[in-house]
>>> print(open('start_7.tsv').read())   # TSV, C-alpha atoms and all ligand atoms
chain	number	residue	atom	x	y	z
A	1	MET	CA	96.34	121.15	136.88
A	2	ALA	CA	93.69	120.67	139.55
A	3	PHE	CA	90.45	122.57	139.11
A	4	ASP	CA	88.13	123.74	141.84
A	5	PHE	CA	84.54	122.53	141.60
A	6	ASP	CA	84.02	122.46	145.35
A	7	THR	CA	83.95	126.13	146.30
A	8	LEU	CA	80.49	127.50	146.98
A	9	LEU	CA	80.17	130.69	144.99
A	10	PRO	CA	77.85	133.39	146.31
A	11	LEU	CA	75.07	133.19	143.72
A	12	ARG	CA	72.06	134.69	145.46
A	13	GLY	CA	71.54	138.39	144.80
A	14	MET	CA	74.19	138.36	142.08
A	15	HIS	CA	71.84	138.46	139.06
A	16	THR	CA	71.95	134.70	138.60
A	17	SER	CA	68.89	133.30	136.89
A	18	ASN	CA	69.37	130.19	139.00
A	19	TYR	CA	68.77	131.98	142.31
A	20	ASP	CA	67.38	135.38	141.50
A	21	ASN	CA	64.46	134.04	139.45
A	22	ILE	CA	63.26	131.54	142.06
A	23	LYS	CA	60.80	133.91	143.67
A	24	ARG	CA	59.34	135.05	140.37
A	25	THR	CA	58.99	131.51	139.06
A	26	TYR	CA	58.09	129.48	142.16
A	27	GLY	CA	56.71	132.12	144.48
A	28	VAL	CA	59.09	131.17	147.31
A	29	ASP	CA	61.81	133.38	148.67
A	30	ASP	CA	63.86	131.30	151.04
A	31	PRO	CA	67.54	132.09	151.60
A	32	ASP	CA	68.18	128.36	152.14
A	33	ALA	CA	66.78	127.27	148.77
A	34	ILE	CA	69.11	125.20	146.60
A	35	ALA	CA	68.67	125.92	142.89
A	36	MET	CA	68.66	122.76	140.78
A	37	TRP	CA	66.54	123.95	137.90
A	38	VAL	CA	68.15	126.43	135.46
A	39	ALA	CA	70.69	124.64	133.28
A	40	ASP	CA	73.87	126.29	134.29
A	41	MET	CA	76.57	125.17	136.65
A	42	HIS	CA	77.28	126.55	140.09
A	43	PHE	CA	81.01	126.55	139.30
A	44	LYS	CA	83.32	129.28	138.10
A	45	ALA	CA	84.10	129.15	134.40
A	46	ALA	CA	87.39	127.55	133.33
A	47	PRO	CA	90.48	129.65	134.17
A	48	VAL	CA	91.39	129.81	130.49
A	49	ILE	CA	88.08	131.55	129.79
A	50	LEU	CA	88.35	133.96	132.70
A	51	ASP	CA	91.88	134.89	131.59
A	52	ALA	CA	90.65	135.63	128.07
A	53	LEU	CA	87.88	137.84	129.43
A	54	ARG	CA	90.33	139.62	131.71
A	55	ASP	CA	92.54	140.35	128.70
A	56	GLU	CA	89.59	141.84	126.86
A	57	ILE	CA	88.67	144.01	129.82
A	58	GLU	CA	92.26	145.13	130.31
A	59	TRP	CA	92.41	146.18	126.70
A	60	GLY	CA	89.19	148.07	127.32
A	61	TYR	CA	87.67	148.21	123.87
A	62	CYS	CA	84.03	147.08	123.81
A	63	GLY	CA	83.05	147.82	120.20
A	64	TYR	CA	81.64	145.68	117.43
A	65	PHE	CA	83.47	142.46	116.72
A	66	ALA	CA	84.96	141.26	113.42
A	67	ASN	CA	86.74	138.17	112.12
A	68	THR	CA	85.48	134.98	113.67
A	69	ALA	CA	88.17	132.88	111.94
A	70	PRO	CA	90.28	132.15	115.06
A	71	ALA	CA	87.16	130.97	116.93
A	72	ASP	CA	85.93	128.96	113.93
A	73	GLU	CA	89.31	127.24	113.73
A	74	ALA	CA	89.44	126.55	117.47
A	75	LEU	CA	85.98	124.99	117.25
A	76	ALA	CA	86.95	122.90	114.21
A	77	ALA	CA	90.05	121.59	115.99
A	78	TRP	CA	88.01	120.79	119.12
A	79	LEU	CA	85.37	118.89	117.14
A	80	LYS	CA	88.05	116.91	115.34
A	81	GLU	CA	89.95	116.02	118.48
A	82	ARG	CA	87.06	115.32	120.83
A	83	HIS	CA	84.30	114.12	118.52
A	84	ASP	CA	86.14	112.92	115.43
A	85	TRP	CA	84.17	115.36	113.29
A	86	GLU	CA	86.04	117.17	110.56
A	87	ILE	CA	84.23	120.37	109.66
A	88	ASP	CA	85.30	123.18	107.40
A	89	PRO	CA	85.45	126.37	109.52
A	90	SER	CA	83.47	128.13	106.79
A	91	TRP	CA	80.39	126.10	107.77
A	92	VAL	CA	80.16	127.91	111.12
A	93	ARG	CA	77.77	130.75	111.96
A	94	TYR	CA	77.20	132.43	115.33
A	95	THR	CA	73.79	133.07	116.81
A	96	HIS	CA	72.53	134.89	119.88
A	97	GLY	CA	72.13	131.58	121.64
A	98	VAL	CA	71.13	128.13	120.47
A	99	ILE	CA	67.40	128.81	120.66
A	100	SER	CA	67.89	131.86	118.48
A	101	GLY	CA	69.64	129.60	115.94
A	102	TYR	CA	66.79	127.13	116.28
A	103	GLY	CA	64.44	129.94	115.27
A	104	ASP	CA	66.67	130.75	112.28
A	105	VAL	CA	66.39	127.23	110.91
A	106	ILE	CA	62.65	127.03	111.58
A	107	SER	CA	62.22	130.31	109.78
A	108	ALA	CA	64.27	129.20	106.75
A	109	TYR	CA	62.68	125.78	106.34
A	110	SER	CA	59.02	126.17	107.32
A	111	GLU	CA	56.03	128.46	107.12
A	112	PRO	CA	53.53	129.45	109.83
A	113	GLY	CA	51.17	126.54	110.45
A	114	ASP	CA	53.76	123.89	109.56
A	115	GLY	CA	54.61	121.17	112.05
A	116	VAL	CA	57.89	120.92	113.95
A	117	ILE	CA	58.49	117.54	115.56
A	118	VAL	CA	60.07	117.12	118.99
A	119	PHE	CA	60.75	113.94	120.94
A	120	SER	CA	59.07	114.39	124.33
A	121	PRO	CA	59.83	114.75	127.16
A	122	VAL	CA	62.28	117.37	125.95
A	123	TYR	CA	63.85	120.75	126.68
A	124	HIS	CA	60.94	123.13	127.17
A	125	ALA	CA	62.22	126.12	125.16
A	126	PHE	CA	61.66	124.19	121.92
A	127	PHE	CA	57.92	124.33	122.56
A	128	ARG	CA	58.01	128.06	123.29
A	129	GLN	CA	60.03	128.87	120.19
A	130	ILE	CA	57.91	126.75	117.84
A	131	GLU	CA	54.71	128.31	119.16
A	132	ALA	CA	56.08	131.85	119.16
A	133	MET	CA	56.86	131.43	115.48
A	134	GLY	CA	53.32	130.29	114.67
A	135	ARG	CA	54.35	126.72	113.83
A	136	GLN	CA	52.71	123.67	115.38
A	137	VAL	CA	54.43	121.50	117.94
A	138	VAL	CA	54.21	117.83	116.98
A	139	GLU	CA	55.16	115.66	119.93
A	140	SER	CA	56.57	112.22	119.30
A	141	PRO	CA	56.62	110.53	122.72
A	142	LEU	CA	59.85	108.76	123.61
A	143	VAL	CA	59.40	105.26	124.93
A	144	ILE	CA	61.39	103.84	127.81
A	145	GLU	CA	63.19	100.59	127.04
A	146	ASN	CA	65.49	99.06	129.63
A	147	GLY	CA	65.27	102.25	131.66
A	148	ARG	CA	66.38	104.52	128.79
A	149	PHE	CA	64.64	106.73	126.26
A	150	GLU	CA	64.17	105.45	122.73
A	151	MET	CA	62.57	107.10	119.71
A	152	ASP	CA	59.46	105.50	118.25
A	153	LEU	CA	59.91	106.23	114.54
A	154	GLU	CA	57.27	103.73	113.50
A	155	GLY	CA	54.70	105.44	115.68
A	156	LEU	CA	55.82	108.82	114.37
A	157	ALA	CA	55.58	107.68	110.73
A	158	ALA	CA	52.06	106.44	111.36
A	159	SER	CA	51.00	109.75	112.89
A	160	LEU	CA	52.39	112.12	110.24
A	161	LYS	CA	49.79	114.50	108.81
A	162	GLY	CA	51.82	115.95	105.97
A	163	HIS	CA	52.32	119.44	107.43
A	164	GLU	CA	55.55	118.47	109.26
A	165	LYS	CA	58.69	120.11	107.88
A	166	ILE	CA	61.27	119.82	110.64
A	167	VAL	CA	62.41	117.30	113.22
A	168	THR	CA	64.20	118.44	116.37
A	169	LEU	CA	66.74	116.12	117.94
A	170	CYS	CA	68.29	116.90	121.29
A	171	SER	CA	71.61	115.04	121.29
A	172	PRO	CA	72.59	114.20	123.99
A	173	HIS	CA	69.01	114.34	125.17
A	174	ASN	CA	67.79	116.85	127.73
A	175	PRO	CA	66.38	115.71	130.08
A	176	GLY	CA	67.94	112.39	131.00
A	177	GLY	CA	71.30	112.64	129.25
A	178	ARG	CA	70.79	109.92	126.65
A	179	ILE	CA	73.53	109.66	124.00
A	180	TRP	CA	71.95	108.38	120.78
A	181	SER	CA	73.74	105.51	119.10
A	182	VAL	CA	75.00	105.59	115.52
A	183	GLU	CA	72.21	103.16	114.58
A	184	GLU	CA	69.57	105.39	116.13
A	185	LEU	CA	70.98	108.48	114.43
A	186	ARG	CA	71.08	106.69	111.10
A	187	ALA	CA	67.51	105.47	111.51
A	188	LEU	CA	66.38	109.01	112.29
A	189	THR	CA	68.21	110.62	109.37
A	190	ASP	CA	66.87	107.93	107.01
A	191	PHE	CA	63.42	108.69	108.37
A	192	CYS	CA	63.94	112.41	107.67
A	193	ALA	CA	65.09	111.65	104.12
A	194	ALA	CA	62.13	109.32	103.51
A	195	HIS	CA	59.67	112.02	104.62
A	196	ASP	CA	61.62	115.00	103.24
A	197	LEU	CA	62.17	116.60	106.65
A	198	ILE	CA	64.97	118.87	107.83
A	199	LEU	CA	66.65	117.69	111.02
A	200	ILE	CA	67.81	120.21	113.60
A	201	SER	CA	70.35	118.47	115.77
A	202	ASP	CA	70.79	120.41	119.00
A	203	GLU	CA	74.19	119.26	120.25
A	204	ILE	CA	74.63	121.87	122.97
A	205	HIS	CA	75.41	119.13	125.52
A	206	MET	CA	77.94	117.34	123.27
A	207	ASP	CA	80.90	117.85	125.61
A	208	LEU	CA	79.20	116.87	128.84
A	209	THR	CA	79.75	113.15	128.40
A	210	PHE	CA	80.66	110.99	131.36
A	211	PRO	CA	84.09	109.33	131.24
A	212	GLY	CA	83.86	106.25	129.04
A	213	ALA	CA	80.82	107.47	127.06
A	214	THR	CA	81.22	108.58	123.44
A	215	PHE	CA	79.07	111.20	121.82
A	216	VAL	CA	78.57	110.85	118.06
A	217	PRO	CA	77.64	114.01	116.12
A	218	THR	CA	74.64	113.40	113.87
A	219	VAL	CA	76.53	114.42	110.73
A	220	VAL	CA	79.30	111.93	111.56
A	221	ALA	CA	76.72	109.16	111.92
A	222	ALA	CA	74.96	110.01	108.67
A	223	PRO	CA	77.23	112.09	106.40
A	224	GLU	CA	75.16	111.22	103.34
A	225	HIS	CA	72.27	113.21	104.82
A	226	ALA	CA	74.36	116.28	105.75
A	227	GLY	CA	72.29	118.42	103.38
A	228	ARG	CA	69.29	118.11	105.66
A	229	ILE	CA	71.05	118.32	109.04
A	230	ALA	CA	71.42	121.73	110.71
A	231	VAL	CA	73.60	121.44	113.81
A	232	LEU	CA	73.33	123.80	116.75
A	233	THR	CA	75.79	123.79	119.59
A	234	ALA	CA	77.62	126.10	121.99
A	235	ALA	CA	80.28	126.38	124.63
A	236	SER	CA	77.55	127.56	126.97
A	237	LYS	CA	76.41	124.42	128.80
A	238	ALA	CA	79.66	122.52	129.02
A	239	PHE	CA	81.80	125.54	129.95
A	240	ASN	CA	79.14	127.31	132.00
A	241	VAL	CA	79.04	130.51	129.96
A	242	ALA	CA	75.36	130.61	129.02
A	243	GLY	CA	75.01	134.28	129.91
A	244	ALA	CA	77.26	135.18	126.96
A	245	GLU	CA	74.32	134.30	124.68
A	246	THR	CA	76.58	133.02	121.93
A	247	GLY	CA	75.41	129.95	120.06
A	248	ILE	CA	77.06	128.12	117.22
A	249	ALA	CA	75.31	126.90	114.08
A	250	ILE	CA	77.05	124.46	111.76
A	251	TYR	CA	75.46	124.32	108.34
A	252	PRO	CA	77.35	121.59	106.51
A	253	THR	CA	76.35	122.30	102.91
A	254	ALA	CA	76.56	125.35	100.67
A	255	GLU	CA	72.89	124.98	99.86
A	256	MET	CA	71.95	125.15	103.51
A	257	ARG	CA	74.19	128.16	104.14
A	258	LYS	CA	72.58	129.90	101.16
A	259	LYS	CA	69.12	129.14	102.49
A	260	LEU	CA	70.02	130.48	105.94
A	261	ALA	CA	71.84	133.59	104.69
A	262	PRO	CA	68.85	135.94	104.42
A	263	VAL	CA	67.51	134.83	107.82
A	264	ILE	CA	70.87	135.48	109.45
A	265	LEU	CA	71.11	138.88	107.77
A	266	ASP	CA	67.64	139.72	108.95
A	267	ARG	CA	68.09	138.64	112.56
A	268	GLU	CA	71.69	138.96	113.51
A	269	SER	CA	74.04	141.84	114.05
A	270	THR	CA	77.70	141.28	114.86
A	271	PRO	CA	78.65	138.51	117.30
A	272	ASN	CA	78.99	139.24	121.00
A	273	ARG	CA	82.63	140.28	121.56
A	274	TYR	CA	82.90	138.48	124.90
A	275	GLY	CA	81.11	135.44	123.54
A	276	MET	CA	83.70	135.17	120.80
A	277	ALA	CA	86.58	135.52	123.26
A	278	ILE	CA	84.99	132.78	125.34
A	279	ILE	CA	84.53	130.43	122.39
A	280	LYS	CA	88.08	130.81	121.19
A	281	ALA	CA	89.50	130.30	124.70
A	282	ALA	CA	87.22	127.37	125.57
A	283	PHE	CA	87.78	125.38	122.42
A	284	SER	CA	91.49	126.02	122.19
A	285	GLY	CA	92.47	125.67	125.86
A	286	GLY	CA	89.59	124.04	127.70
A	287	HIS	CA	90.48	120.35	127.36
A	288	ASP	CA	91.82	119.74	130.86
A	289	TRP	CA	89.02	121.64	132.58
A	290	MET	CA	86.45	119.72	130.55
A	291	ASP	CA	88.00	116.36	131.43
A	292	ALA	CA	88.01	117.25	135.12
A	293	GLY	CA	84.46	118.61	134.97
A	294	GLN	CA	83.14	115.48	133.28
A	295	ALA	CA	84.61	113.29	136.01
A	296	TYR	CA	83.18	115.54	138.76
A	297	LEU	CA	79.69	115.50	137.21
A	298	ALA	CA	79.76	111.74	136.70
A	299	GLU	CA	80.52	111.27	140.40
A	300	ASN	CA	77.75	113.73	141.33
A	301	PHE	CA	75.38	111.65	139.24
A	302	ARG	CA	76.54	108.39	140.83
A	303	VAL	CA	75.97	109.75	144.34
A	304	PHE	CA	72.62	111.31	143.49
A	305	LYS	CA	71.32	108.20	141.76
A	306	GLU	CA	72.41	105.86	144.54
A	307	ARG	CA	70.70	107.88	147.25
A	308	MET	CA	67.55	108.83	145.35
A	309	ASP	CA	66.98	105.32	144.00
A	310	ALA	CA	66.94	104.14	147.62
A	311	ILE	CA	63.71	106.09	148.23
A	312	PRO	CA	60.90	103.60	147.49
A	313	GLY	CA	58.89	104.71	144.45
A	314	VAL	CA	61.65	107.00	143.15
A	315	SER	CA	63.84	106.12	140.21
A	316	VAL	CA	66.62	108.11	138.54
A	317	MET	CA	67.09	107.47	134.83
A	318	ASP	CA	70.56	106.23	133.90
A	319	MET	CA	72.50	108.77	131.93
A	320	ASP	CA	75.64	108.98	129.79
A	321	ALA	CA	75.93	112.74	129.56
A	322	THR	CA	74.77	116.18	130.77
A	323	TYR	CA	74.04	117.22	134.35
A	324	LEU	CA	70.27	117.32	133.88
A	325	THR	CA	68.95	114.25	135.58
A	326	TRP	CA	65.45	112.88	135.08
A	327	VAL	CA	63.79	111.50	138.14
A	328	SER	CA	60.60	109.46	138.15
A	329	PHE	CA	58.41	109.74	141.24
A	330	GLU	CA	55.63	107.76	139.58
A	331	GLY	CA	55.92	104.93	142.10
A	332	LEU	CA	54.74	107.30	144.84
A	333	GLY	CA	51.32	107.83	143.28
A	334	MET	CA	51.42	111.57	144.07
A	335	ASP	CA	50.16	114.23	141.70
A	336	ASP	CA	52.51	116.77	140.14
A	337	ALA	CA	51.46	119.58	142.47
A	338	GLU	CA	52.28	117.46	145.53
A	339	LEU	CA	55.66	116.42	144.10
A	340	LEU	CA	56.61	120.01	143.37
A	341	LYS	CA	55.43	121.17	146.79
A	342	ARG	CA	57.55	118.54	148.52
A	343	SER	CA	60.65	119.50	146.58
A	344	VAL	CA	60.24	123.27	146.56
A	345	GLU	CA	58.52	123.99	149.86
A	346	ASP	CA	59.51	121.09	152.09
A	347	ALA	CA	63.03	120.31	150.83
A	348	LYS	CA	63.69	123.83	149.52
A	349	VAL	CA	65.31	122.18	146.54
A	350	ILE	CA	64.20	123.80	143.30
A	351	PRO	CA	63.72	121.41	140.33
A	352	ASN	CA	62.04	121.81	136.97
A	353	PRO	CA	58.62	120.16	137.12
A	354	GLY	CA	58.46	117.33	134.62
A	355	THR	CA	55.27	118.72	133.13
A	356	GLN	CA	57.34	121.48	131.48
A	357	PHE	CA	58.88	118.88	129.19
A	358	GLY	CA	55.74	117.75	127.38
A	359	ILE	CA	54.25	114.27	127.03
A	360	GLY	CA	55.83	111.84	129.47
A	361	GLY	CA	56.80	114.57	131.93
A	362	SER	CA	54.07	114.08	134.50
A	363	GLY	CA	55.28	112.25	137.62
A	364	HIS	CA	58.85	113.43	137.04
A	365	MET	CA	61.13	116.28	138.00
A	366	ARG	CA	64.43	117.35	136.47
A	367	TYR	CA	67.37	118.17	138.75
A	368	ASN	CA	70.55	119.98	137.75
A	369	LEU	CA	73.51	118.19	139.35
A	370	ALA	CA	76.25	120.70	138.48
A	371	LEU	CA	76.72	121.78	142.09
A	372	PRO	CA	79.66	121.60	144.47
A	373	ARG	CA	79.44	118.13	146.00
A	374	ALA	CA	78.75	119.41	149.53
A	375	LYS	CA	75.75	121.39	148.29
A	376	LEU	CA	74.51	118.40	146.32
A	377	LEU	CA	74.69	116.19	149.41
A	378	GLU	CA	72.73	118.78	151.37
A	379	ALA	CA	70.06	118.79	148.66
A	380	ILE	CA	69.87	114.99	148.67
A	381	GLU	CA	69.45	114.93	152.46
A	382	ARG	CA	66.64	117.44	152.25
A	383	LEU	CA	64.91	115.47	149.48
A	384	GLU	CA	65.22	112.27	151.53
A	385	ALA	CA	63.60	114.07	154.46
A	386	ALA	CA	60.81	115.48	152.28
A	387	PHE	CA	59.90	111.96	151.14
A	388	LYS	CA	60.61	110.30	154.49
A	389	ASP	CA	57.00	109.26	155.06
A	390	VAL	CA	57.14	106.92	152.04
A	391	GLN	CA	60.21	105.07	153.28
A	401	LIG	C1	69.05	121.24	124.59
A	401	LIG	C2	69.20	122.71	124.86
A	401	LIG	N1	69.21	123.56	123.83
A	401	LIG	C3	69.34	124.90	124.04
A	401	LIG	C4	69.49	125.41	125.30
A	401	LIG	C5	69.58	126.89	125.50
A	401	LIG	O1	70.56	127.45	124.74
A	401	LIG	P1	70.68	129.02	124.61
A	401	LIG	O2	70.63	129.59	125.98
A	401	LIG	O3	71.98	129.19	123.94
A	401	LIG	O4	69.54	129.47	123.75
A	401	LIG	C6	69.49	124.54	126.40
A	401	LIG	C7	69.60	125.06	127.76
A	401	LIG	O5	69.50	124.37	128.71
A	401	LIG	C8	69.35	123.16	126.17
A	401	LIG	O6	69.36	122.28	127.18
>>> encode(input="start_7.tsv", output="structure tokens", more="lines below")
Ligand SMILES: Cc1ncc(COP(=O)(O)O)c(C=O)c1O
Amino acid sequence: MAFDFDTLLPLRGMHTSNYDNIKRTYGVDDPDAIAMWVADMHFKAAPVILDALRDEIEWGYCGYFANTAPADEALAAWLKERHDWEIDPSWVRYTHGVISGYGDVISAYSEPGDGVIVFSPVYHAFFRQIEAMGRQVVESPLVIENGRFEMDLEGLAASLKGHEKIVTLCSPHNPGGRIWSVEELRALTDFCAAHDLILISDEIHMDLTFPGATFVPTVVAAPEHAGRIAVLTAASKAFNVAGAETGIAIYPTAEMRKKLAPVILDRESTPNRYGMAIIKAAFSGGHDWMDAGQAYLAENFRVFKERMDAIPGVSVMDMDATYLTWVSFEGLGMDDAELLKRSVEDAKVIPNPGTQFGIGGSGHMRYNLALPRAKLLEAIERLEAAFKDVQ
């Protein structure tokens, strides 16, 4: 079946965070703006998901939800088939989004004042959540080797103060779409064991791999450390259903599930009915849509990288996964305010400023490439024009 990623959906004025938060966040209100910041796609969700939602609406009952078993089993089958990870469906818990699950694990495994490690530059909501919970953000700067991010575990070991309890891994990494290798995952989990740290592996982007790239779940890479690995994931990014606010937590040991149980009881009510319908539909019938989407995004990345790399001083990081590309403008010698002004005000292309992502973010901007190709090309043309004077 062919899927449509080319149609331009009307998104402005439709309660989309992507478009309808631009004015509040960037202070510009231009009907021509192209949103390339918020991490959701500009495409319709997969037909199999929309059909499941239609069935729910037709039925008409909107009450509390019970029995997650069919969704748990669909997820388990998906993980086995696509990521070679055999989980027991009883390991699965649902959260009101991945960041809510992140808070659950932080709450269970640390106290206010403790340190939570992140590898920067990284998804900005980690910082907000850690700080909101009264923990301390500990940034471990990623280094760039051969144009790709790498963790510096030696540097991190040398900087530990003793108050760190948790390490956060974003896998694949946001921004920049790095898939961590088995060796890297094993080195990190060994590091966590050596320093008695819990590892939160945020695998929300696990399905957004480019054709030919293979994502390895952290627990698959290091099963012997499963007792200290809390996995968070979702259908939200890969299937474009983030507004359903339904995250998935996979707690692979009984001890971990026991530790999390009171936190879950305290924070969570029943799962979102529509979120559960989405999860079951996505993970049982979403294979073809996902394959087609991966190929479309990989081509969007290829086109974007080719054109942007041609601007002197601009360099797009190579990526294996996600649609959240990391662009260095460091070669232009402009400050962050000037970069943002050129993108937002001159090009009318809305990125995330790199400074949101912590250490290593200055001189960069993140662009979401999950747009219909025609819109992406328009955005590229406008960015080329905004940086024309450097060419
Ligand atoms: C790595 C990562 N984790 C979590 C989230 C947000 O997940 P949720 O909306 O389910 O809290 C995002 C959104 O972009 C993300 O990139």
>>> residues_near_ligand(input="start_7.tsv", ligand="ligand LIG 401 (chain A)", cutoff="8 Å", atoms="all atoms listed in the file", output="JSON, numbers by chain")
{"A": [38, 39, 40, 96, 97, 98, 99, 100, 101, 122, 123, 125, 126, 170, 171, 172, 173, 174, 175, 202, 203, 204, 205, 233, 234, 236, 237, 242, 243, 245, 246, 247]}
>>> atom_distance(input="start_7.tsv", atom1="CA of Val349 in chain A", atom2="CA of Asp207 in chain A")
26.5 Å
>>> residues_around(input="start_7.tsv", residues="range 359-368 of chain A", least_positions_apart="6", cutoff="10 Å", atoms="all atoms listed in the file", output="PyMOL selection string")
chain A and resi 35-42+119-122+139-144+174-176+301+304+314-316+322-340+343+349-353+376
>>> axis_aligned_box(input="start_7.tsv", around="range 83-93 of chain A", padding_each_side="5 Å", output="lines of an AutoDock Vina configuration file")
center_x = 82.0
center_y = 121.8
center_z = 112.7
size_x = 18.4
size_y = 27.8
size_z = 21.7
>>> closest_residue(input="start_7.tsv", among="A:Lys305, A:Arg178, A:Lys341, A:Lys280", to="Ala77 in chain A", atoms="all atoms listed in the file")
A:Lys280
>>> atom_distance(input="start_7.tsv", atom1="CA of Gly103 in chain A", atom2="CA of Glu154 in chain A")
27.2 Å
>>> closest_residue(input="start_7.tsv", among="A:Asp4, A:Glu131, A:Asp288, A:Glu384", to="Asp309 in chain A", atoms="only C-alpha atoms")
A:Glu384
>>> residues_near_point(input="start_7.tsv", point="(76.1, 132.2, 140.5)", cutoff="12 Å", atoms="only C-alpha atoms", output="VMD selection string")
chain A and resid 7 to 21 34 to 35 38 to 45 240 to 243 370 to 372
>>> closest_residue(input="start_7.tsv", among="A:Lys348, A:Lys259, A:Arg342, A:Lys165", to="Phe387 in chain A", atoms="all atoms listed in the file")
A:Arg342
>>> closest_residue(input="start_7.tsv", among="A:Ala194, A:Met206, A:Ala249, A:Ile117", to="His163 in chain A", atoms="only C-alpha atoms")
A:Ile117
>>> atom_distance(input="start_7.tsv", atom1="CA of Ser159 in chain A", atom2="CA of Ala193 in chain A")
16.7 Å
>>> closest_residue(input="start_7.tsv", among="A:Arg302, A:Arg382, A:Lys80, A:Lys388", to="Phe210 in chain A", atoms="only C-alpha atoms")
A:Arg302
